[in-house]
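The data block below is data.cif; it holds mmCIF, N, CA and C atoms.
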data_my_file
loop_
_atom_site.label_atom_id
_atom_site.label_comp_id
_atom_site.auth_asym_id
_atom_site.auth_seq_id
_atom_site.Cartn_x
_atom_site.Cartn_y
_atom_site.Cartn_z
N MET A 1 -176.16 202.43 27.83
CA MET A 1 -176.94 201.42 28.46
C MET A 1 -177.32 201.92 29.86
N THR A 2 -178.58 201.72 30.23
CA THR A 2 -179.02 202.13 31.56
C THR A 2 -179.09 200.92 32.47
N VAL A 3 -178.80 201.17 33.70
CA VAL A 3 -178.86 200.10 34.69
C VAL A 3 -180.10 200.32 35.53
N ALA A 4 -180.94 199.30 35.61
CA ALA A 4 -182.15 199.39 36.42
C ALA A 4 -181.82 199.06 37.85
N GLN A 5 -182.33 199.84 38.73
CA GLN A 5 -182.11 199.61 40.15
C GLN A 5 -183.27 198.78 40.69
N ILE A 6 -182.95 197.73 41.38
CA ILE A 6 -183.97 196.87 41.97
C ILE A 6 -184.19 197.31 43.40
N LEU A 7 -185.42 197.71 43.68
CA LEU A 7 -185.76 198.17 45.01
C LEU A 7 -186.31 197.00 45.82
N PRO A 8 -185.92 196.91 47.08
CA PRO A 8 -186.42 195.80 47.90
C PRO A 8 -187.88 196.01 48.24
N LEU A 9 -188.62 194.89 48.33
CA LEU A 9 -190.02 194.94 48.77
C LEU A 9 -190.04 195.10 50.28
N THR A 10 -190.92 195.91 50.74
CA THR A 10 -191.02 196.12 52.18
C THR A 10 -192.39 195.68 52.64
N ASP A 11 -192.47 195.28 53.85
CA ASP A 11 -193.75 194.89 54.44
C ASP A 11 -194.54 196.15 54.74
N ILE A 12 -195.83 196.08 54.46
CA ILE A 12 -196.72 197.20 54.75
C ILE A 12 -197.47 196.86 56.03
N SER A 13 -197.43 197.75 56.95
CA SER A 13 -198.13 197.49 58.21
C SER A 13 -199.63 197.66 58.03
N GLN A 14 -200.41 197.16 58.98
CA GLN A 14 -201.86 197.30 58.95
C GLN A 14 -202.26 198.77 58.93
N ALA A 15 -201.57 199.60 59.67
CA ALA A 15 -201.88 201.03 59.73
C ALA A 15 -201.66 201.67 58.37
N ASP A 16 -200.56 201.29 57.69
CA ASP A 16 -200.28 201.84 56.37
C ASP A 16 -201.33 201.39 55.35
N ALA A 17 -201.74 200.14 55.44
CA ALA A 17 -202.75 199.62 54.53
C ALA A 17 -204.09 200.31 54.73
N ALA A 18 -204.45 200.56 55.97
CA ALA A 18 -205.72 201.23 56.27
C ALA A 18 -205.69 202.68 55.79
N ALA A 19 -204.54 203.29 55.81
CA ALA A 19 -204.42 204.69 55.41
C ALA A 19 -204.60 204.87 53.91
N CYS A 20 -204.34 203.83 53.14
CA CYS A 20 -204.40 203.99 51.68
C CYS A 20 -205.78 203.67 51.11
N SER A 21 -206.73 203.26 51.92
CA SER A 21 -208.07 202.96 51.39
C SER A 21 -209.13 203.61 52.26
N SER A 22 -210.24 203.89 51.62
CA SER A 22 -211.36 204.48 52.36
C SER A 22 -212.43 203.42 52.59
N PRO A 23 -213.23 203.57 53.62
CA PRO A 23 -214.27 202.57 53.90
C PRO A 23 -215.38 202.65 52.86
N LEU A 24 -216.04 201.52 52.64
CA LEU A 24 -217.16 201.48 51.71
C LEU A 24 -218.35 202.21 52.32
N ALA A 25 -219.02 203.00 51.50
CA ALA A 25 -220.22 203.71 51.94
C ALA A 25 -221.46 202.86 51.75
N ARG A 26 -221.37 201.89 50.85
CA ARG A 26 -222.47 200.95 50.59
C ARG A 26 -221.87 199.69 50.01
N GLU A 27 -222.66 198.66 49.94
CA GLU A 27 -222.18 197.38 49.42
C GLU A 27 -222.04 197.46 47.89
N ALA A 28 -220.97 196.90 47.38
CA ALA A 28 -220.75 196.85 45.93
C ALA A 28 -221.64 195.79 45.31
N ILE A 29 -221.84 195.86 44.03
CA ILE A 29 -222.67 194.89 43.32
C ILE A 29 -222.03 193.51 43.41
N ALA A 30 -222.86 192.51 43.67
CA ALA A 30 -222.39 191.13 43.79
C ALA A 30 -222.02 190.59 42.41
N ALA A 31 -221.12 189.64 42.38
CA ALA A 31 -220.64 189.07 41.11
C ALA A 31 -221.79 188.49 40.29
N GLU A 32 -222.70 187.77 40.94
CA GLU A 32 -223.83 187.16 40.21
C GLU A 32 -224.72 188.24 39.61
N ARG A 33 -224.97 189.29 40.37
CA ARG A 33 -225.82 190.39 39.88
C ARG A 33 -225.12 191.12 38.74
N ALA A 34 -223.80 191.27 38.82
CA ALA A 34 -223.04 191.91 37.75
C ALA A 34 -223.13 191.08 36.47
N ASP A 35 -223.07 189.76 36.59
CA ASP A 35 -223.21 188.89 35.41
C ASP A 35 -224.58 189.05 34.77
N ALA A 36 -225.62 189.05 35.59
CA ALA A 36 -226.98 189.20 35.08
C ALA A 36 -227.17 190.56 34.42
N LEU A 37 -226.65 191.60 35.06
CA LEU A 37 -226.76 192.95 34.50
C LEU A 37 -226.01 193.06 33.18
N ALA A 38 -224.82 192.47 33.11
CA ALA A 38 -224.03 192.50 31.87
C ALA A 38 -224.79 191.81 30.75
N HIS A 39 -225.46 190.70 31.05
CA HIS A 39 -226.27 189.99 30.05
C HIS A 39 -227.40 190.90 29.54
N SER A 40 -228.06 191.58 30.45
CA SER A 40 -229.14 192.49 30.06
C SER A 40 -228.61 193.65 29.23
N LEU A 41 -227.50 194.21 29.66
CA LEU A 41 -226.93 195.35 28.94
C LEU A 41 -226.43 194.95 27.55
N LYS A 42 -225.92 193.73 27.41
CA LYS A 42 -225.51 193.25 26.08
C LYS A 42 -226.71 193.19 25.15
N ALA A 43 -227.84 192.77 25.69
CA ALA A 43 -229.06 192.70 24.87
C ALA A 43 -229.50 194.09 24.44
N LEU A 44 -229.29 195.07 25.29
CA LEU A 44 -229.70 196.44 24.97
C LEU A 44 -228.66 197.19 24.14
N ALA A 45 -227.44 196.72 24.12
CA ALA A 45 -226.33 197.45 23.49
C ALA A 45 -226.28 197.25 21.98
N ASP A 46 -227.38 197.42 21.34
CA ASP A 46 -227.45 197.29 19.89
C ASP A 46 -228.48 198.31 19.39
N PRO A 47 -228.12 199.13 18.42
CA PRO A 47 -229.05 200.16 17.94
C PRO A 47 -230.38 199.59 17.44
N ALA A 48 -230.34 198.46 16.74
CA ALA A 48 -231.58 197.87 16.23
C ALA A 48 -232.49 197.42 17.38
N ARG A 49 -231.89 196.85 18.42
CA ARG A 49 -232.70 196.39 19.55
C ARG A 49 -233.28 197.57 20.32
N LEU A 50 -232.52 198.62 20.45
CA LEU A 50 -233.06 199.82 21.09
C LEU A 50 -234.22 200.39 20.28
N ARG A 51 -234.08 200.38 18.96
CA ARG A 51 -235.18 200.84 18.10
C ARG A 51 -236.41 199.96 18.26
N ILE A 52 -236.19 198.65 18.31
CA ILE A 52 -237.31 197.72 18.48
C ILE A 52 -238.05 198.02 19.78
N LEU A 53 -237.31 198.17 20.86
CA LEU A 53 -237.95 198.49 22.15
C LEU A 53 -238.70 199.82 22.07
N SER A 54 -238.11 200.79 21.39
CA SER A 54 -238.75 202.09 21.24
C SER A 54 -240.03 202.00 20.43
N ILE A 55 -239.99 201.22 19.36
CA ILE A 55 -241.19 201.06 18.52
C ILE A 55 -242.29 200.36 19.30
N VAL A 56 -241.94 199.30 20.01
CA VAL A 56 -242.95 198.57 20.79
C VAL A 56 -243.53 199.48 21.87
N SER A 57 -242.67 200.20 22.58
CA SER A 57 -243.17 201.05 23.67
C SER A 57 -243.94 202.26 23.17
N ALA A 58 -243.74 202.65 21.92
CA ALA A 58 -244.45 203.80 21.35
C ALA A 58 -245.91 203.48 21.03
N HIS A 59 -246.25 202.22 20.89
CA HIS A 59 -247.64 201.84 20.64
C HIS A 59 -248.46 202.07 21.91
N ALA A 60 -249.71 202.43 21.72
CA ALA A 60 -250.59 202.77 22.85
C ALA A 60 -250.64 201.66 23.90
N ASP A 61 -250.70 200.41 23.46
CA ASP A 61 -250.77 199.29 24.40
C ASP A 61 -249.41 198.65 24.64
N GLN A 62 -248.35 199.29 24.19
CA GLN A 62 -246.97 198.79 24.29
C GLN A 62 -246.86 197.38 23.73
N GLU A 63 -247.50 197.17 22.60
CA GLU A 63 -247.47 195.89 21.90
C GLU A 63 -247.40 196.17 20.42
N ALA A 64 -246.56 195.41 19.71
CA ALA A 64 -246.42 195.61 18.28
C ALA A 64 -246.35 194.28 17.56
N CYS A 65 -246.94 194.24 16.39
CA CYS A 65 -246.88 193.07 15.52
C CYS A 65 -245.53 193.10 14.80
N VAL A 66 -245.06 191.94 14.41
CA VAL A 66 -243.82 191.87 13.64
C VAL A 66 -243.93 192.74 12.40
N CYS A 67 -245.10 192.79 11.79
CA CYS A 67 -245.27 193.61 10.59
C CYS A 67 -245.04 195.09 10.87
N ASP A 68 -245.35 195.54 12.10
CA ASP A 68 -245.08 196.93 12.49
C ASP A 68 -243.58 197.19 12.51
N LEU A 69 -242.82 196.20 12.91
CA LEU A 69 -241.37 196.35 13.02
C LEU A 69 -240.70 196.31 11.66
N THR A 70 -241.12 195.39 10.80
CA THR A 70 -240.49 195.28 9.49
C THR A 70 -240.76 196.51 8.63
N ASP A 71 -241.89 197.16 8.88
CA ASP A 71 -242.21 198.39 8.12
C ASP A 71 -241.31 199.55 8.54
N GLN A 72 -240.84 199.56 9.78
CA GLN A 72 -240.08 200.70 10.30
C GLN A 72 -238.57 200.50 10.34
N LEU A 73 -238.11 199.27 10.25
CA LEU A 73 -236.67 198.99 10.31
C LEU A 73 -236.15 198.64 8.92
N THR A 74 -234.93 199.01 8.65
CA THR A 74 -234.33 198.70 7.36
C THR A 74 -233.48 197.44 7.47
N LEU A 75 -234.05 196.42 8.09
CA LEU A 75 -233.37 195.15 8.29
C LEU A 75 -234.19 194.04 7.67
N SER A 76 -233.53 192.94 7.36
CA SER A 76 -234.25 191.79 6.82
C SER A 76 -235.08 191.15 7.92
N GLN A 77 -236.08 190.40 7.52
CA GLN A 77 -236.96 189.75 8.49
C GLN A 77 -236.19 188.77 9.38
N PRO A 78 -235.25 187.97 8.83
CA PRO A 78 -234.49 187.08 9.73
C PRO A 78 -233.65 187.85 10.76
N THR A 79 -233.11 188.99 10.39
CA THR A 79 -232.33 189.80 11.32
C THR A 79 -233.22 190.36 12.42
N ILE A 80 -234.39 190.83 12.05
CA ILE A 80 -235.35 191.33 13.04
C ILE A 80 -235.75 190.20 13.99
N SER A 81 -235.99 189.02 13.44
CA SER A 81 -236.35 187.87 14.28
C SER A 81 -235.24 187.53 15.26
N HIS A 82 -234.00 187.62 14.82
CA HIS A 82 -232.87 187.37 15.71
C HIS A 82 -232.86 188.37 16.87
N HIS A 83 -233.03 189.66 16.54
CA HIS A 83 -233.02 190.69 17.58
C HIS A 83 -234.19 190.50 18.55
N LEU A 84 -235.35 190.13 18.04
CA LEU A 84 -236.50 189.87 18.90
C LEU A 84 -236.24 188.69 19.83
N LYS A 85 -235.60 187.66 19.32
CA LYS A 85 -235.27 186.49 20.15
C LYS A 85 -234.33 186.89 21.28
N VAL A 86 -233.33 187.71 20.99
CA VAL A 86 -232.39 188.17 22.02
C VAL A 86 -233.13 188.96 23.10
N LEU A 87 -234.04 189.84 22.69
CA LEU A 87 -234.78 190.66 23.64
C LEU A 87 -235.75 189.83 24.48
N VAL A 88 -236.33 188.79 23.89
CA VAL A 88 -237.21 187.90 24.64
C VAL A 88 -236.39 187.10 25.66
N GLU A 89 -235.26 186.55 25.22
CA GLU A 89 -234.41 185.76 26.13
C GLU A 89 -233.85 186.60 27.27
N ALA A 90 -233.62 187.89 27.02
CA ALA A 90 -233.10 188.78 28.06
C ALA A 90 -234.20 189.27 28.99
N GLY A 91 -235.45 188.98 28.67
CA GLY A 91 -236.55 189.34 29.55
C GLY A 91 -237.14 190.71 29.34
N PHE A 92 -236.88 191.33 28.18
CA PHE A 92 -237.44 192.65 27.90
C PHE A 92 -238.75 192.59 27.14
N LEU A 93 -238.94 191.55 26.33
CA LEU A 93 -240.16 191.40 25.54
C LEU A 93 -240.76 190.03 25.80
N ILE A 94 -242.09 189.97 25.61
CA ILE A 94 -242.77 188.67 25.59
C ILE A 94 -243.47 188.55 24.24
N ARG A 95 -243.64 187.33 23.79
CA ARG A 95 -244.20 187.05 22.47
C ARG A 95 -245.53 186.35 22.61
N ALA A 96 -246.50 186.81 21.82
CA ALA A 96 -247.81 186.15 21.76
C ALA A 96 -248.13 185.88 20.30
N LYS A 97 -248.46 184.64 20.00
CA LYS A 97 -248.78 184.25 18.62
C LYS A 97 -250.28 184.38 18.42
N ARG A 98 -250.69 185.10 17.39
CA ARG A 98 -252.11 185.24 17.03
C ARG A 98 -252.25 184.95 15.55
N GLY A 99 -252.77 183.79 15.26
CA GLY A 99 -252.86 183.38 13.86
C GLY A 99 -251.46 183.20 13.29
N THR A 100 -251.20 183.88 12.19
CA THR A 100 -249.88 183.76 11.56
C THR A 100 -248.91 184.84 12.04
N TRP A 101 -249.40 185.79 12.85
CA TRP A 101 -248.56 186.90 13.28
C TRP A 101 -248.10 186.72 14.73
N SER A 102 -246.93 187.24 15.00
CA SER A 102 -246.43 187.28 16.37
C SER A 102 -246.47 188.72 16.85
N TYR A 103 -246.95 188.89 18.06
CA TYR A 103 -247.03 190.21 18.69
C TYR A 103 -246.06 190.24 19.87
N TYR A 104 -245.35 191.33 19.98
CA TYR A 104 -244.37 191.50 21.05
C TYR A 104 -244.78 192.65 21.94
N SER A 105 -244.65 192.44 23.24
CA SER A 105 -244.96 193.50 24.20
C SER A 105 -243.86 193.57 25.24
N LEU A 106 -243.74 194.75 25.83
CA LEU A 106 -242.74 194.96 26.86
C LEU A 106 -243.10 194.20 28.13
N VAL A 107 -242.11 193.62 28.75
CA VAL A 107 -242.31 192.99 30.06
C VAL A 107 -242.40 194.14 31.06
N PRO A 108 -243.50 194.25 31.79
CA PRO A 108 -243.65 195.36 32.74
C PRO A 108 -242.47 195.44 33.72
N GLY A 109 -241.89 196.62 33.81
CA GLY A 109 -240.81 196.87 34.76
C GLY A 109 -239.42 196.43 34.34
N SER A 110 -239.30 195.77 33.19
CA SER A 110 -237.98 195.25 32.80
C SER A 110 -236.96 196.36 32.55
N LEU A 111 -237.36 197.42 31.89
CA LEU A 111 -236.44 198.54 31.64
C LEU A 111 -236.21 199.36 32.90
N THR A 112 -237.23 199.50 33.71
CA THR A 112 -237.11 200.22 34.97
C THR A 112 -236.12 199.52 35.89
N ALA A 113 -236.17 198.20 35.90
CA ALA A 113 -235.26 197.42 36.75
C ALA A 113 -233.80 197.65 36.36
N VAL A 114 -233.51 197.66 35.06
CA VAL A 114 -232.14 197.91 34.61
C VAL A 114 -231.72 199.33 34.98
N GLY A 115 -232.61 200.28 34.79
CA GLY A 115 -232.31 201.66 35.15
C GLY A 115 -232.02 201.83 36.64
N ALA A 116 -232.78 201.12 37.46
CA ALA A 116 -232.60 201.22 38.90
C ALA A 116 -231.26 200.64 39.33
N VAL A 117 -230.88 199.53 38.72
CA VAL A 117 -229.59 198.92 39.05
C VAL A 117 -228.44 199.83 38.63
N LEU A 118 -228.56 200.41 37.45
CA LEU A 118 -227.51 201.33 37.00
C LEU A 118 -227.41 202.56 37.89
N ALA A 119 -228.54 203.07 38.32
CA ALA A 119 -228.54 204.25 39.19
C ALA A 119 -227.90 203.94 40.53
N ALA A 120 -227.98 202.68 40.97
CA ALA A 120 -227.45 202.30 42.27
C ALA A 120 -225.95 202.01 42.24
N ILE A 121 -225.38 201.86 41.05
CA ILE A 121 -223.94 201.53 40.97
C ILE A 121 -223.10 202.73 41.29
#
Before we go any further, please render this structure as structure tokens.
Amino acid sequence: MTVAQILPLTDISQADAAACSSPLAREAIAAERADALAHSLKALADPARLRILSIVSAHADQEACVCDLTDQLTLSQPTISHHLKVLVEAGFLIRAKRGTWSYYSLVPGSLTAVGAVLAAI
């Protein structure tokens, strides 16, 4: 059987506390901004959603009809609709209804904004 030794807690002086940490070189990300960024990254953290964004951005006008997506993805139409809804709610795509078809286009600067925030972390 081993006997554990209990060590007494000691007070750390201000000088000792300052010696164990370095000063911040820049401001850390705020909690609210971290929450918003996490929401955006969750929307992007899915292979199907990344493919959808890639397909939309690959079109000359960065706009694609739902029929363009269903032809290129091996997912059911309801699953594609779910992914599109997530991307619209996260602010990466906008939807325009034309007749019976829905067209999706990239929100200008939405991907650049996420990239800039990640680069700054």
Pick from A:Arg33, A:His83, A:Lys42, A:Lys97, whichever lies nearest to Leu69 of chain A using only C-alpha atoms: A:His83
Output the residue selection produced by the PyMOL selection byres (((chain A and resi 93 and name CA) around 7) and name CA) on the file above, formatted as a compact mmCIF listing (two decimals) with N, CA and C atoms, in the coordinates of the input.
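Saved as out_30.txt:
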# COMPACT_ATOMS: atom_id res chain seq x y z
N LEU A 87 -234.04 189.84 22.69
CA LEU A 87 -234.78 190.66 23.64
C LEU A 87 -235.75 189.83 24.48
N VAL A 88 -236.33 188.79 23.89
CA VAL A 88 -237.21 187.90 24.64
C VAL A 88 -236.39 187.10 25.66
N GLY A 91 -235.45 188.98 28.67
CA GLY A 91 -236.55 189.34 29.55
C GLY A 91 -237.14 190.71 29.34
N PHE A 92 -236.88 191.33 28.18
CA PHE A 92 -237.44 192.65 27.90
C PHE A 92 -238.75 192.59 27.14
N ILE A 94 -242.09 189.97 25.61
CA ILE A 94 -242.77 188.67 25.59
C ILE A 94 -243.47 188.55 24.24
N ARG A 95 -243.64 187.33 23.79
CA ARG A 95 -244.20 187.05 22.47
C ARG A 95 -245.53 186.35 22.61
N TYR A 104 -245.35 191.33 19.98
CA TYR A 104 -244.37 191.50 21.05
C TYR A 104 -244.78 192.65 21.94
N SER A 105 -244.65 192.44 23.24
CA SER A 105 -244.96 193.50 24.20
C SER A 105 -243.86 193.57 25.24
N LEU A 106 -243.74 194.75 25.83
CA LEU A 106 -242.74 194.96 26.86
C LEU A 106 -243.10 194.20 28.13
N VAL A 107 -242.11 193.62 28.75
CA VAL A 107 -242.31 192.99 30.06
C VAL A 107 -242.40 194.14 31.06
Residues selected by the PyMOL selection byres (((chain A and resi 120 and name CA) around 12) and name CA), written as a list of chain:residue names: A:Arg26, A:Glu27, A:Ala28, A:Ile29, A:Ala113, A:Val114, A:Gly115, A:Ala116, A:Val117, A:Leu118, A:Ala119, A:Ile121
Each side padded by 4 Å, which centre and which edge lengths in Å (one decimal) define the axis-aligned box around the listed atoms of segment 94-107 of chain A? Give them as lines of an AutoDock Vina configuration file.
center_x = -247.5
center_y = 189.1
center_z = 21.3
size_x = 18.8
size_y = 19.8
size_z = 27.5
Which of A:Cys65, A:Val56, A:Ala45, A:Ala36 sits closest to Gly99 of chain A [using only C-alpha atoms]: A:Cys65
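These are the residues of chain A assigned strand (DSSP E) by DSSP from backbone coordinates: Glu63, Ala64, Cys65, Leu93, Ile94, Arg95, Ala96, Lys97, Arg98, Trp101, Ser102, Tyr103, Tyr104, Ser105 and Leu106 of chain A.
Across the model, the gap from atom CA of Ala48 of chain A to atom C of Glu89 of chain A is 15.9 Å.
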Kindly give the distance, in Å, that separates atom C of Ala58 of chain A and atom C of Val86 of chain A, rounded to a single decimal.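 Atom C of Val86 of chain A lies at a distance of 19.5 Å from atom C of Ala58 of chain A.
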Please run DSSP on the backbone and report, as number ranges by chain, all residues within chain A that come out as alpha helix (DSSP H). A: 14-19, 31-44, 47-58, 66-72, 77-89, 110-120
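When atom CA of Ala96 of chain A is paired with atom CA of Thr112 of chain A, their separation reads 22.1 Å.
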Top pick for closest residue to Asp68 of chain A, considering A:Trp101, A:Glu32, A:Ser21, A:Ala43 and counting only C-alpha atoms: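 Checking each of A:Trp101, A:Glu32, A:Ser21, A:Ala43 against Asp68 of chain A, counting only C-alpha atoms, the winner is A:Trp101.
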So, with all atoms listed in the file as the atoms that count, which of A:Ser102, A:Gln77, A:Ser22, A:Ser110 lies closest to Ala64 of chain A?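 Checking each candidate against Ala64 of chain A, we get A:Ser102 as the closest.
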Give me the residues near Leu73 of chain A as an MDAnalysis selection string, where near means some atom within 12 Å (using only C-alpha atoms) and where sequence neighbours in that chain fewer than 3 positions away do not count. chainID A and resid 47:55 66:70 76:77 79:81 83
Store the residues picked out above in a file with N, CA and C atoms, as a PDB file, in the frame of the given file.
ATOM      1  N   PRO A  47    -228.120 199.130  18.420  1.00  0.00           N
ATOM      2  CA  PRO A  47    -229.050 200.160  17.940  1.00  0.00           C
ATOM      3  C   PRO A  47    -230.380 199.590  17.440  1.00  0.00           C
ATOM      4  N   ALA A  48    -230.340 198.460  16.740  1.00  0.00           N
ATOM      5  CA  ALA A  48    -231.580 197.870  16.230  1.00  0.00           C
ATOM      6  C   ALA A  48    -232.490 197.420  17.380  1.00  0.00           C
ATOM      7  N   ARG A  49    -231.890 196.850  18.420  1.00  0.00           N
ATOM      8  CA  ARG A  49    -232.700 196.390  19.550  1.00  0.00           C
ATOM      9  C   ARG A  49    -233.280 197.570  20.320  1.00  0.00           C
ATOM     10  N   LEU A  50    -232.520 198.620  20.450  1.00  0.00           N
ATOM     11  CA  LEU A  50    -233.060 199.820  21.090  1.00  0.00           C
ATOM     12  C   LEU A  50    -234.220 200.390  20.280  1.00  0.00           C
ATOM     13  N   ARG A  51    -234.080 200.380  18.960  1.00  0.00           N
ATOM     14  CA  ARG A  51    -235.180 200.840  18.100  1.00  0.00           C
ATOM     15  C   ARG A  51    -236.410 199.960  18.260  1.00  0.00           C
ATOM     16  N   ILE A  52    -236.190 198.650  18.310  1.00  0.00           N
ATOM     17  CA  ILE A  52    -237.310 197.720  18.480  1.00  0.00           C
ATOM     18  C   ILE A  52    -238.050 198.020  19.780  1.00  0.00           C
ATOM     19  N   LEU A  53    -237.310 198.170  20.860  1.00  0.00           N
ATOM     20  CA  LEU A  53    -237.950 198.490  22.150  1.00  0.00           C
ATOM     21  C   LEU A  53    -238.700 199.820  22.070  1.00  0.00           C
ATOM     22  N   SER A  54    -238.110 200.790  21.390  1.00  0.00           N
ATOM     23  CA  SER A  54    -238.750 202.090  21.240  1.00  0.00           C
ATOM     24  C   SER A  54    -240.030 202.000  20.430  1.00  0.00           C
ATOM     25  N   ILE A  55    -239.990 201.220  19.360  1.00  0.00           N
ATOM     26  CA  ILE A  55    -241.190 201.060  18.520  1.00  0.00           C
ATOM     27  C   ILE A  55    -242.290 200.360  19.300  1.00  0.00           C
ATOM     28  N   VAL A  66    -245.060 191.940  14.410  1.00  0.00           N
ATOM     29  CA  VAL A  66    -243.820 191.870  13.640  1.00  0.00           C
ATOM     30  C   VAL A  66    -243.930 192.740  12.400  1.00  0.00           C
ATOM     31  N   CYS A  67    -245.100 192.790  11.790  1.00  0.00           N
ATOM     32  CA  CYS A  67    -245.270 193.610  10.590  1.00  0.00           C
ATOM     33  C   CYS A  67    -245.040 195.090  10.870  1.00  0.00           C
ATOM     34  N   ASP A  68    -245.350 195.540  12.100  1.00  0.00           N
ATOM     35  CA  ASP A  68    -245.080 196.930  12.490  1.00  0.00           C
ATOM     36  C   ASP A  68    -243.580 197.190  12.510  1.00  0.00           C
ATOM     37  N   LEU A  69    -242.820 196.200  12.910  1.00  0.00           N
ATOM     38  CA  LEU A  69    -241.370 196.350  13.020  1.00  0.00           C
ATOM     39  C   LEU A  69    -240.700 196.310  11.660  1.00  0.00           C
ATOM     40  N   THR A  70    -241.120 195.390  10.800  1.00  0.00           N
ATOM     41  CA  THR A  70    -240.490 195.280   9.490  1.00  0.00           C
ATOM     42  C   THR A  70    -240.760 196.510   8.630  1.00  0.00           C
ATOM     43  N   SER A  76    -233.530 192.940   7.360  1.00  0.00           N
ATOM     44  CA  SER A  76    -234.250 191.790   6.820  1.00  0.00           C
ATOM     45  C   SER A  76    -235.080 191.150   7.920  1.00  0.00           C
ATOM     46  N   GLN A  77    -236.080 190.400   7.520  1.00  0.00           N
ATOM     47  CA  GLN A  77    -236.960 189.750   8.490  1.00  0.00           C
ATOM     48  C   GLN A  77    -236.190 188.770   9.380  1.00  0.00           C
ATOM     49  N   THR A  79    -233.110 188.990  10.390  1.00  0.00           N
ATOM     50  CA  THR A  79    -232.330 189.800  11.320  1.00  0.00           C
ATOM     51  C   THR A  79    -233.220 190.360  12.420  1.00  0.00           C
ATOM     52  N   ILE A  80    -234.390 190.830  12.050  1.00  0.00           N
ATOM     53  CA  ILE A  80    -235.350 191.330  13.040  1.00  0.00           C
ATOM     54  C   ILE A  80    -235.750 190.200  13.990  1.00  0.00           C
ATOM     55  N   SER A  81    -235.990 189.020  13.440  1.00  0.00           N
ATOM     56  CA  SER A  81    -236.350 187.870  14.280  1.00  0.00           C
ATOM     57  C   SER A  81    -235.240 187.530  15.260  1.00  0.00           C
ATOM     58  N   HIS A  83    -233.030 189.660  16.540  1.00  0.00           N
ATOM     59  CA  HIS A  83    -233.020 190.690  17.580  1.00  0.00           C
ATOM     60  C   HIS A  83    -234.190 190.500  18.550  1.00  0.00           C
TER      61      HIS A  83
END
Atoms are missing here; could segment 36-40 of chain A be completed with all heavy atoms and written as a CSV table (one decimal), keeping the file's coordinate frame?
chain,number,residue,atom,x,y,z
A,36,ALA,N,-225.6,189.0,35.6
A,36,ALA,CA,-227.0,189.2,35.1
A,36,ALA,C,-227.2,190.6,34.4
A,36,ALA,O,-227.8,190.7,33.4
A,36,ALA,CB,-228.0,189.0,36.2
A,37,LEU,N,-226.6,191.6,35.1
A,37,LEU,CA,-226.8,193.0,34.5
A,37,LEU,C,-226.0,193.1,33.2
A,37,LEU,O,-226.5,193.7,32.2
A,37,LEU,CB,-226.3,194.0,35.5
A,37,LEU,CG,-226.3,195.4,35.1
A,37,LEU,CD1,-227.8,195.9,34.8
A,37,LEU,CD2,-225.7,196.3,36.1
A,38,ALA,N,-224.8,192.5,33.1
A,38,ALA,CA,-224.0,192.5,31.9
A,38,ALA,C,-224.8,191.8,30.8
A,38,ALA,O,-224.8,192.3,29.6
A,38,ALA,CB,-222.7,191.8,32.1
A,39,HIS,N,-225.5,190.7,31.0
A,39,HIS,CA,-226.3,190.0,30.0
A,39,HIS,C,-227.4,190.9,29.5
A,39,HIS,O,-227.6,191.0,28.3
A,39,HIS,CB,-226.8,188.7,30.6
A,39,HIS,CG,-227.7,187.9,29.7
A,39,HIS,ND1,-227.2,187.3,28.6
A,39,HIS,CD2,-229.0,187.8,29.7
A,39,HIS,CE1,-228.2,186.7,28.0
A,39,HIS,NE2,-229.3,187.0,28.6
A,40,SER,N,-228.1,191.6,30.4
A,40,SER,CA,-229.1,192.5,30.1
A,40,SER,C,-228.6,193.6,29.2
A,40,SER,O,-229.2,194.0,28.2
A,40,SER,CB,-229.8,193.0,31.3
A,40,SER,OG,-230.5,192.0,32.0
